[in-house]
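Source file: final17.tsv. Holds: TSV, C-alpha atoms.
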chain	number	residue	atom	x	y	z
Q	1	MET	CA	94.30	112.97	75.49
Q	2	ASP	CA	97.57	114.12	77.08
Q	3	THR	CA	96.38	114.63	80.66
Q	4	MET	CA	93.98	112.92	83.04
Q	5	LEU	CA	92.58	113.16	86.55
Q	6	ALA	CA	94.21	111.05	89.25
Q	7	GLY	CA	93.87	110.74	93.03
Q	8	ARG	CA	97.40	111.52	94.21
Q	9	PHE	CA	98.85	111.01	97.68
Q	10	HIS	CA	101.88	113.12	98.62
Q	11	VAL	CA	103.73	110.94	101.11
Q	12	ASP	CA	105.94	113.60	102.69
Q	13	SER	CA	103.14	116.09	103.39
Q	14	LYS	CA	100.43	113.40	103.79
Q	15	LYS	CA	98.18	115.40	101.47
Q	16	PHE	CA	95.67	113.79	99.10
Q	17	ALA	CA	94.14	115.53	96.10
Q	18	VAL	CA	92.58	114.72	92.75
Q	19	GLU	CA	94.96	116.36	90.32
Q	20	GLU	CA	95.53	116.67	86.59
Q	21	VAL	CA	98.59	114.67	85.54
Q	22	PRO	CA	100.03	113.32	82.27
Q	23	VAL	CA	98.53	110.13	80.91
Q	24	PRO	CA	101.15	107.41	81.55
Q	25	VAL	CA	102.79	105.56	78.68
Q	26	PRO	CA	103.21	101.76	78.89
Q	27	GLY	CA	106.75	100.47	78.71
Q	28	PRO	CA	108.04	97.02	77.70
Q	29	GLY	CA	105.79	94.28	79.04
Q	30	GLU	CA	103.13	96.75	80.14
Q	31	VAL	CA	99.66	97.83	79.02
Q	32	LEU	CA	97.65	101.00	79.53
Q	33	VAL	CA	94.19	100.34	80.97
Q	34	GLU	CA	91.31	102.78	80.72
Q	35	VAL	CA	89.84	102.56	84.22
Q	36	LYS	CA	86.08	101.95	84.42
Q	37	ALA	CA	85.76	101.26	88.16
Q	38	ALA	CA	88.04	101.42	91.22
Q	39	GLY	CA	87.26	100.23	94.74
Q	40	VAL	CA	87.90	102.16	97.95
Q	41	CYS	CA	89.53	99.94	100.58
Q	42	LEU	CA	90.57	100.34	104.20
Q	43	SER	CA	94.15	99.85	103.02
Q	44	ASP	CA	93.71	103.10	101.08
Q	45	VAL	CA	92.51	104.79	104.27
Q	46	HIS	CA	95.53	103.40	106.14
Q	47	LEU	CA	97.85	104.72	103.42
Q	48	LEU	CA	96.37	108.20	103.65
Q	49	ASP	CA	96.43	108.32	107.46
Q	50	GLY	CA	100.06	107.21	107.55
Q	51	SER	CA	99.61	103.84	109.24
Q	52	LEU	CA	100.49	101.90	106.05
Q	53	PRO	CA	103.62	103.58	104.65
Q	54	PRO	CA	104.88	102.55	101.20
Q	55	LEU	CA	107.88	100.25	101.43
Q	56	PHE	CA	109.01	100.28	97.80
Q	57	LEU	CA	107.78	103.60	96.35
Q	58	ASP	CA	110.51	105.29	94.32
Q	59	SER	CA	109.05	108.81	94.53
Q	60	ASP	CA	107.21	110.93	97.10
Q	61	THR	CA	103.85	110.82	95.28
Q	62	VAL	CA	101.63	107.92	94.24
Q	63	THR	CA	98.27	107.47	92.54
Q	64	VAL	CA	96.11	105.56	95.03
Q	65	GLY	CA	93.94	102.51	94.27
Q	66	HIS	CA	94.58	98.77	94.03
Q	67	GLU	CA	91.09	97.48	93.13
Q	68	VAL	CA	90.73	98.20	89.43
Q	69	ALA	CA	88.77	97.09	86.39
Q	70	GLY	CA	88.66	98.55	82.91
Q	71	VAL	CA	89.54	98.07	79.26
Q	72	ILE	CA	92.96	97.66	77.67
Q	73	HIS	CA	93.58	100.93	75.82
Q	74	THR	CA	97.19	100.74	74.61
Q	75	LEU	CA	99.74	97.94	74.32
Q	76	GLY	CA	103.35	98.46	75.27
Q	77	PRO	CA	106.21	96.78	73.37
Q	78	ASP	CA	107.52	93.26	73.95
Q	79	LEU	CA	104.31	91.70	75.28
Q	80	LYS	CA	104.26	87.91	75.66
Q	81	ARG	CA	100.60	87.08	76.36
Q	82	GLY	CA	98.82	88.09	73.17
Q	83	LEU	CA	96.65	90.70	74.87
Q	84	THR	CA	94.50	92.88	72.63
Q	85	VAL	CA	93.14	96.43	72.78
Q	86	GLY	CA	89.53	96.52	73.96
Q	87	THR	CA	89.76	93.49	76.25
Q	88	ARG	CA	87.77	93.89	79.48
Q	89	VAL	CA	90.02	93.19	82.47
Q	90	THR	CA	90.51	93.34	86.19
Q	91	LEU	CA	93.99	93.75	87.63
Q	92	GLU	CA	95.77	91.83	90.35
Q	93	ALA	CA	96.47	94.18	93.23
Q	94	GLY	CA	100.24	93.76	93.12
Q	95	LYS	CA	103.24	92.87	90.99
Q	96	SER	CA	106.48	91.01	91.61
Q	97	CYS	CA	109.68	93.00	91.98
Q	98	GLY	CA	111.25	91.07	89.10
Q	99	GLN	CA	114.56	90.62	90.88
Q	100	CYS	CA	114.45	86.90	91.64
Q	101	ALA	CA	115.33	84.32	89.02
Q	102	GLY	CA	112.48	81.89	88.40
Q	103	CYS	CA	109.94	83.99	90.30
Q	104	VAL	CA	106.90	81.97	91.39
Q	105	ARG	CA	104.20	84.60	91.81
Q	106	SER	CA	101.78	82.24	93.52
Q	107	ARG	CA	104.21	81.66	96.38
Q	108	PRO	CA	104.04	84.00	99.40
Q	109	CYS	CA	106.59	86.79	98.96
Q	110	SER	CA	107.40	89.82	101.07
Q	111	GLN	CA	108.71	91.70	98.04
Q	112	ILE	CA	105.41	92.05	96.16
Q	113	ARG	CA	104.73	95.66	95.17
Q	114	THR	CA	101.16	96.80	95.82
Q	115	ALA	CA	99.34	98.97	93.29
Q	116	GLY	CA	98.34	102.34	94.67
Q	117	ILE	CA	100.91	102.08	97.45
Q	118	ASP	CA	104.25	101.09	95.92
Q	119	TYR	CA	103.46	102.18	92.35
Q	120	ASP	CA	100.72	104.19	90.65
Q	121	GLY	CA	97.30	102.63	90.99
Q	122	GLY	CA	93.81	103.01	89.60
Q	123	TRP	CA	92.17	106.06	91.16
Q	124	ALA	CA	92.69	107.60	87.75
Q	125	GLN	CA	91.30	107.66	84.24
Q	126	TYR	CA	94.18	105.50	83.01
Q	127	MET	CA	96.65	103.14	84.68
Q	128	VAL	CA	99.81	101.40	83.46
Q	129	THR	CA	100.25	97.84	84.68
Q	130	PRO	CA	102.52	94.85	83.91
Q	131	GLU	CA	100.89	92.35	81.57
Q	132	GLU	CA	101.17	89.56	84.13
Q	133	THR	CA	98.70	91.37	86.42
Q	134	VAL	CA	95.95	91.47	83.76
Q	135	VAL	CA	93.00	89.08	84.23
Q	136	PRO	CA	90.42	89.13	81.40
Q	137	ILE	CA	86.77	89.27	82.46
Q	138	PRO	CA	83.66	88.31	80.47
Q	139	ASP	CA	81.06	90.79	79.24
Q	140	SER	CA	78.62	89.38	81.80
Q	141	LEU	CA	80.71	90.56	84.78
Q	142	PRO	CA	80.14	94.28	85.53
Q	143	PHE	CA	83.20	96.45	85.99
Q	144	ASP	CA	82.29	97.47	89.55
Q	145	GLN	CA	81.99	93.87	90.69
Q	146	ALA	CA	85.17	92.84	88.88
Q	147	ALA	CA	87.11	95.72	90.44
Q	148	ILE	CA	86.65	94.50	94.02
Q	149	ILE	CA	87.74	90.93	93.32
Q	150	PRO	CA	91.52	91.60	93.54
Q	151	ASP	CA	91.38	92.51	97.25
Q	152	ALA	CA	87.99	92.72	98.98
Q	153	VAL	CA	87.10	89.26	97.71
Q	154	SER	CA	90.39	87.56	96.89
Q	155	THR	CA	92.03	88.41	100.24
Q	156	PRO	CA	89.42	86.53	102.33
Q	157	TYR	CA	89.24	83.86	99.62
Q	158	ALA	CA	92.95	83.14	100.07
Q	159	ALA	CA	92.55	83.31	103.85
Q	160	VAL	CA	89.75	80.73	103.80
Q	161	VAL	CA	91.05	78.42	101.08
Q	162	ALA	CA	94.84	78.67	101.41
Q	163	THR	CA	95.95	80.05	104.79
Q	164	ALA	CA	93.24	78.28	106.79
Q	165	GLY	CA	92.28	75.46	104.43
Q	166	VAL	CA	88.72	75.35	105.74
Q	167	ARG	CA	86.91	72.08	105.02
Q	168	PRO	CA	83.17	71.38	104.97
Q	169	ALA	CA	81.50	71.21	108.39
Q	170	GLN	CA	84.32	73.00	110.19
Q	171	SER	CA	83.22	75.84	112.45
Q	172	VAL	CA	84.26	79.39	111.66
Q	173	GLY	CA	84.07	82.69	113.53
Q	174	ILE	CA	84.57	85.95	111.64
Q	175	TRP	CA	85.30	89.13	113.61
Q	176	GLY	CA	84.53	92.35	111.73
Q	177	VAL	CA	82.11	91.96	108.82
Q	178	GLY	CA	82.86	95.08	106.83
Q	179	GLY	CA	84.36	95.06	103.33
Q	180	VAL	CA	86.65	92.06	103.80
Q	181	GLY	CA	84.75	90.28	106.57
Q	182	ALA	CA	81.44	90.28	104.72
Q	183	HIS	CA	83.09	88.42	101.87
Q	184	ASN	CA	84.83	86.13	104.35
Q	185	VAL	CA	81.34	85.05	105.47
Q	186	ARG	CA	80.23	84.34	101.92
Q	187	LEU	CA	83.37	82.43	101.02
Q	188	ALA	CA	83.29	80.35	104.20
Q	189	ARG	CA	79.76	79.34	103.25
Q	190	LEU	CA	80.87	78.63	99.68
Q	191	VAL	CA	83.39	76.03	100.94
Q	192	GLY	CA	80.87	74.46	103.33
Q	193	ALA	CA	81.90	75.78	106.75
Q	194	ALA	CA	79.32	75.13	109.48
Q	195	PRO	CA	78.43	76.83	111.65
Q	196	ILE	CA	79.53	80.30	110.55
Q	197	ILE	CA	79.44	82.85	113.37
Q	198	ALA	CA	79.78	86.55	112.49
Q	199	ILE	CA	80.88	88.96	115.22
Q	200	ASP	CA	80.50	92.74	114.89
Q	201	PRO	CA	79.45	95.56	117.24
Q	202	LEU	CA	77.26	97.18	114.54
Q	203	PRO	CA	73.70	95.80	114.34
Q	204	SER	CA	73.55	96.63	110.61
Q	205	ALA	CA	76.74	94.65	109.98
Q	206	ARG	CA	75.34	91.66	111.88
Q	207	GLU	CA	72.14	91.79	109.84
Q	208	ARG	CA	74.17	91.91	106.65
Q	209	ALA	CA	76.26	88.94	107.76
Q	210	LEU	CA	73.11	86.88	108.24
Q	211	ALA	CA	71.94	87.88	104.76
Q	212	PHE	CA	75.35	86.86	103.40
Q	213	GLY	CA	75.11	83.37	104.89
Q	214	ALA	CA	76.18	83.47	108.53
Q	215	ASP	CA	74.33	81.04	110.78
Q	216	LEU	CA	74.64	83.29	113.82
Q	217	ALA	CA	75.60	86.95	114.31
Q	218	LEU	CA	76.83	88.09	117.72
Q	219	ASP	CA	77.66	91.34	119.46
Q	220	PRO	CA	81.20	90.94	120.86
Q	221	ALA	CA	80.15	92.93	123.94
Q	222	ALA	CA	77.29	90.59	124.82
Q	223	PRO	CA	77.75	89.30	128.40
Q	224	ASP	CA	76.97	85.74	127.30
Q	225	PHE	CA	79.17	85.90	124.19
Q	226	ALA	CA	81.40	82.95	125.13
Q	227	ASP	CA	78.38	80.84	126.10
Q	228	GLN	CA	76.72	81.51	122.74
Q	229	VAL	CA	79.84	80.43	120.84
Q	230	ARG	CA	80.11	77.23	122.87
Q	231	ALA	CA	76.42	76.47	122.35
Q	232	ALA	CA	76.68	77.04	118.59
Q	233	THR	CA	79.69	74.70	118.35
Q	234	ALA	CA	78.27	71.93	120.55
Q	235	GLY	CA	80.69	72.90	123.30
Q	236	GLN	CA	83.76	72.37	121.13
Q	237	GLY	CA	84.81	75.93	120.33
Q	238	LEU	CA	85.79	77.23	116.91
Q	239	ASP	CA	87.98	75.43	114.39
Q	240	PHE	CA	88.95	78.77	112.83
Q	241	ALA	CA	88.68	82.37	113.98
Q	242	PHE	CA	89.26	85.09	111.36
Q	243	ASP	CA	90.26	88.52	112.62
Q	244	CYS	CA	89.15	90.82	109.79
Q	245	ALA	CA	89.31	93.93	111.97
Q	246	GLY	CA	92.98	94.08	112.94
Q	247	VAL	CA	92.10	95.03	116.51
Q	248	PRO	CA	94.03	93.69	119.56
Q	249	ALA	CA	90.85	93.13	121.58
Q	250	VAL	CA	89.44	91.05	118.73
Q	251	ARG	CA	92.46	88.79	118.72
Q	252	GLU	CA	92.18	88.19	122.45
Q	253	GLN	CA	88.49	87.30	122.20
Q	254	ALA	CA	88.97	85.19	119.07
Q	255	ALA	CA	91.86	83.19	120.55
Q	256	ALA	CA	89.80	82.41	123.63
Q	257	ALA	CA	86.92	81.15	121.46
Q	258	LEU	CA	89.06	78.53	119.70
Q	259	GLY	CA	88.62	74.85	120.40
Q	260	LEU	CA	91.18	72.03	120.43
Q	261	GLY	CA	93.67	72.64	117.61
Q	262	GLY	CA	91.84	75.82	116.63
Q	263	VAL	CA	93.57	78.40	114.44
Q	264	LEU	CA	93.44	82.20	114.60
Q	265	ILE	CA	93.88	83.75	111.13
Q	266	LEU	CA	95.06	87.37	111.13
Q	267	VAL	CA	93.43	88.90	108.05
Q	268	GLY	CA	93.00	92.49	109.20
Q	269	ILE	CA	96.22	94.50	109.31
Q	270	SER	CA	97.31	96.72	112.19
Q	271	PRO	CA	100.55	98.44	113.19
Q	272	ARG	CA	99.79	97.63	116.82
Q	273	PRO	CA	101.62	94.74	118.56
Q	274	LEU	CA	100.17	91.25	118.48
Q	275	THR	CA	99.42	90.12	122.02
Q	276	ILE	CA	97.60	87.04	123.26
Q	277	THR	CA	97.37	86.92	127.03
Q	278	GLU	CA	95.83	83.46	127.29
Q	279	GLY	CA	98.24	81.27	129.21
Q	280	LEU	CA	98.60	77.53	129.61
Q	281	THR	CA	95.31	76.68	127.93
Q	282	PHE	CA	96.63	78.05	124.63
Q	283	ASN	CA	99.38	75.41	124.73
Q	284	TYR	CA	97.20	72.71	126.24
Q	285	MET	CA	94.56	73.18	123.53
Q	286	MET	CA	97.30	73.24	120.85
Q	287	LYS	CA	96.01	76.44	119.32
Q	288	GLN	CA	97.77	78.25	116.48
Q	289	VAL	CA	98.10	81.76	115.04
Q	290	ARG	CA	98.68	82.33	111.31
Q	291	GLY	CA	99.37	85.62	109.63
Q	292	HIS	CA	97.69	86.35	106.33
Q	293	TYR	CA	98.23	89.07	103.76
Q	294	GLY	CA	96.68	89.68	100.37
Q	295	ALA	CA	95.73	87.20	97.70
Q	296	THR	CA	97.22	84.85	95.13
Q	297	PRO	CA	97.18	85.33	91.36
Q	298	GLU	CA	95.26	82.11	90.80
Q	299	GLY	CA	92.70	83.27	93.37
Q	300	VAL	CA	91.70	86.27	91.26
Q	301	THR	CA	91.26	84.08	88.19
Q	302	GLU	CA	89.26	81.51	90.15
Q	303	LEU	CA	86.97	84.17	91.61
Q	304	VAL	CA	86.33	85.68	88.18
Q	305	GLN	CA	85.28	82.21	87.08
Q	306	LEU	CA	83.07	81.71	90.14
Q	307	ALA	CA	81.39	85.08	89.70
Q	308	SER	CA	80.97	84.58	85.96
Q	309	ASN	CA	79.32	81.20	86.48
Q	310	GLY	CA	76.82	82.40	89.06
Q	311	ARG	CA	78.46	80.85	92.13
Q	312	LEU	CA	79.20	84.23	93.69
Q	313	ASP	CA	76.92	87.23	93.19
Q	314	LEU	CA	78.90	90.36	94.08
Q	315	ALA	CA	76.15	92.87	93.30
Q	316	PRO	CA	75.12	93.17	96.99
Q	317	SER	CA	78.69	94.18	97.83
Q	318	ILE	CA	78.53	97.45	95.89
Q	319	THR	CA	77.27	100.11	98.29
Q	320	ASP	CA	77.55	103.20	96.09
Q	321	HIS	CA	79.23	104.78	93.08
Q	322	LEU	CA	81.02	108.13	93.24
Q	323	PRO	CA	82.87	110.17	90.62
Q	324	LEU	CA	86.65	110.15	90.89
Q	325	ALA	CA	86.59	113.84	91.81
Q	326	GLU	CA	84.83	112.86	95.08
Q	327	ALA	CA	87.50	110.35	96.15
Q	328	ALA	CA	88.21	112.24	99.38
Q	329	ASP	CA	84.53	112.02	100.32
Q	330	ALA	CA	84.57	108.28	99.64
Q	331	VAL	CA	87.56	107.88	101.96
Q	332	ASN	CA	85.75	109.83	104.68
Q	333	ARG	CA	82.63	107.70	104.30
Q	334	LEU	CA	84.62	104.48	104.62
Q	335	GLU	CA	86.86	105.67	107.47
Q	336	ASN	CA	83.90	106.83	109.53
Q	337	LYS	CA	81.57	104.00	108.43
Q	338	ILE	CA	78.99	106.46	107.14
Q	339	GLY	CA	76.20	104.26	105.83
Q	340	ASP	CA	78.21	101.17	106.87
Q	341	PRO	CA	79.58	100.60	103.35
Q	342	ILE	CA	80.88	97.29	102.05
Q	343	ARG	CA	82.53	98.75	98.96
Q	344	LEU	CA	82.37	102.23	97.49
Q	345	ILE	CA	83.29	102.46	93.81
Q	346	LEU	CA	85.02	105.40	92.13
Q	347	VAL	CA	84.05	105.95	88.50
Q	348	PRO	CA	86.54	108.08	86.48
Please express the file's structure as structure tokens.
Amino acid sequence: MDTMLAGRFHVDSKKFAVEEVPVPVPGPGEVLVEVKAAGVCLSDVHLLDGSLPPLFLDSDTVTVGHEVAGVIHTLGPDLKRGLTVGTRVTLEAGKSCGQCAGCVRSRPCSQIRTAGIDYDGGWAQYMVTPEETVVPIPDSLPFDQAAIIPDAVSTPYAAVVATAGVRPAQSVGIWGVGGVGAHNVRLARLVGAAPIIAIDPLPSARERALAFGADLALDPAAPDFADQVRAATAGQGLDFAFDCAGVPAVREQAAAALGLGGVLILVGISPRPLTITEGLTFNYMMKQVRGHYGATPEGVTELVQLASNGRLDLAPSITDHLPLAEAADAVNRLENKIGDPIRLILVP
């Protein structure tokens, strides 16, 4: 096969189309993966609407998609890991730039290139990727569930475990329980947070949050919202507030809901300015704000292990499957919350 279908975004014209392109060839240290499943993420929507411009793209066109699972199809030269053709894999959502001596990929780095934004991703029949991004998966883990681990699951996992460091019995509020926030609820419960309060304006999202393990689900517009949070936390306020929506109003409400030493974790991304209008009490209560972005390589491996050993069932996270040719429809469904999807999966 010399050509394949791929969902291509033309950066200059801001046009997206599923087009026929040459099948890529892996270079040194790379492998070619036959894509079996690819997730549709809000970051993809933000790329296509222009609010998340590529920072490191070396052309004006990119194949979209950073949540990918499939099978190794072809090995490039000079591999170091002993990978084999036919291995079932998921792919970390980004790669290092390779410019720093002694690169430590688990350390936060602003130079990480993101698949589907800074280089060609997985909304395609085949994808080339560096061997260090490959994470083998067992036969027991379905491709669609494995595909969403590298962002939809690993981003909130890193937020809960690394950026926040949530410990058992600490109280957590999660604003926005869509694709990332729904998993934030599950992972907070996995580490023993209590109580877990989910906040979302959509009744269906609140119901889902309760099914995913939240102890309480609140409408942010409820007139007694602050009273309900105080009652649920024995008057103490939240230890951690996760903004998974990236909305200024959320950050204001979340910061106000924090207790003594409470921490606001910014998980959702937004090009809009960060503003917190709370005054002296923010200082007096010794509150904090921490930015968060993406995942860690070890997080993807750990989540594959958790899912493979029955600690994390990701089947309820898969809302629907669509053929790659209908990628634009999938984007529309996610952007407009049609059916309130957690994750839509493209199948090449």
Tell me, as an mmCIF file with C-alpha atoms, in the coordinates of the input, which residues lie within 10 Å of Arg81 in chain Q, counting only C-alpha atoms; anything in the same chain fewer than 6 positions away does not count.
data_model
loop_
_atom_site.group_PDB
_atom_site.id
_atom_site.type_symbol
_atom_site.label_atom_id
_atom_site.label_comp_id
_atom_site.auth_asym_id
_atom_site.auth_seq_id
_atom_site.Cartn_x
_atom_site.Cartn_y
_atom_site.Cartn_z
ATOM 1 C CA GLY Q 29 105.790 94.280 79.040
ATOM 2 C CA GLU Q 131 100.890 92.350 81.570
ATOM 3 C CA GLU Q 132 101.170 89.560 84.130
ATOM 4 C CA VAL Q 134 95.950 91.470 83.760
#
Considering only C-alpha atoms, return as a PDB file with C-alpha atoms, keeping the file's coordinate frame whatever protein or nucleic-acid residues lie within 10 Å of Glu19 in chain Q, sequence-local ones (same chain, fewer than 4 positions apart) excluded.
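Full text of selection-v2.pdb as output:
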ATOM      1  CA  THR Q   3      96.380 114.630  80.660  1.00  0.00           C
ATOM      2  CA  MET Q   4      93.980 112.920  83.040  1.00  0.00           C
ATOM      3  CA  LEU Q   5      92.580 113.160  86.550  1.00  0.00           C
ATOM      4  CA  ALA Q   6      94.210 111.050  89.250  1.00  0.00           C
ATOM      5  CA  GLY Q   7      93.870 110.740  93.030  1.00  0.00           C
ATOM      6  CA  ARG Q   8      97.400 111.520  94.210  1.00  0.00           C
ATOM      7  CA  PHE Q   9      98.850 111.010  97.680  1.00  0.00           C
ATOM      8  CA  THR Q  63      98.270 107.470  92.540  1.00  0.00           C
ATOM      9  CA  ALA Q 124      92.690 107.600  87.750  1.00  0.00           C
ATOM     10  CA  ALA Q 325      86.590 113.840  91.810  1.00  0.00           C
TER      11      ALA Q 325
END
Quiz prompt | Residue contacts of Leu314 in chain Q (9 Å, only C-alpha atoms) excluding same-chain residues fewer than 5 positions away, as a VMD selection string | solution = chain Q and resid 145 to 146 148 to 149 307
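In this model, the gap between CA of Pro220 in chain Q and CA of Ile199 in chain Q comes to 6.0 Å.
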Practice problem: Can you work out the spacing between CA of Val62 in chain Q and CA of Asp12 in chain Q in Å, to one decimal? | Solution: 11.1 Å
Practice problem: Go through Q:Ile265, Q:Met1, Q:Ala147, Q:Ala327 one by one, measure the shortest atom-to-atom distance of each to Thr163 in chain Q using only C-alpha atoms, and give the residue with the smallest value. | Solution: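 Looking only at the distances to Thr163 in chain Q, the closest residue turns out to be Q:Ile265.
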Self-check item: For Ala38 in chain Q, the nearest of the candidates Q:Leu91, Q:Leu210, Q:Ala188, Q:Leu346, counting all atoms listed in the file
Solution: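 For Ala38 in chain Q, the nearest of the given residues is Q:Leu346.
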Quiz prompt | Within 9 Å of Arg208 in chain Q using all atoms listed in the file, minus same-chain residues under 5 positions, as JSON, numbers by chain | solution = {"Q": [177, 182, 203, 213, 214]}
Protein, DNA and RNA residues within 12 Å of (110.6, 104.8, 92.7), all atoms listed in the file, as a PDB file with C-alpha atoms, in the frame of the given file:
ATOM      1  CA  PRO Q  54     104.880 102.550 101.200  1.00  0.00           C
ATOM      2  CA  LEU Q  55     107.880 100.250 101.430  1.00  0.00           C
ATOM      3  CA  PHE Q  56     109.010 100.280  97.800  1.00  0.00           C
ATOM      4  CA  LEU Q  57     107.780 103.600  96.350  1.00  0.00           C
ATOM      5  CA  ASP Q  58     110.510 105.290  94.320  1.00  0.00           C
ATOM      6  CA  SER Q  59     109.050 108.810  94.530  1.00  0.00           C
ATOM      7  CA  ASP Q  60     107.210 110.930  97.100  1.00  0.00           C
ATOM      8  CA  THR Q  61     103.850 110.820  95.280  1.00  0.00           C
ATOM      9  CA  VAL Q  62     101.630 107.920  94.240  1.00  0.00           C
ATOM     10  CA  CYS Q  97     109.680  93.000  91.980  1.00  0.00           C
ATOM     11  CA  ARG Q 113     104.730  95.660  95.170  1.00  0.00           C
ATOM     12  CA  ILE Q 117     100.910 102.080  97.450  1.00  0.00           C
ATOM     13  CA  ASP Q 118     104.250 101.090  95.920  1.00  0.00           C
ATOM     14  CA  TYR Q 119     103.460 102.180  92.350  1.00  0.00           C
ATOM     15  CA  ASP Q 120     100.720 104.190  90.650  1.00  0.00           C
TER      16      ASP Q 120
END
Quiz item: Quick one: of Q:Val31, Q:Ile174, Q:Ala152, Q:Ala222, who's nearest to Met127 in chain Q, counting only C-alpha atoms?
Solution: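 Closest candidate: Q:Val31.
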Exercise. Counting all atoms listed in the file, figure out which residue out of Q:Gly165, Q:Gly279, Q:Gly294, Q:Gly339 gets nearest to Ala115 in chain Q.
Key: Q:Gly294
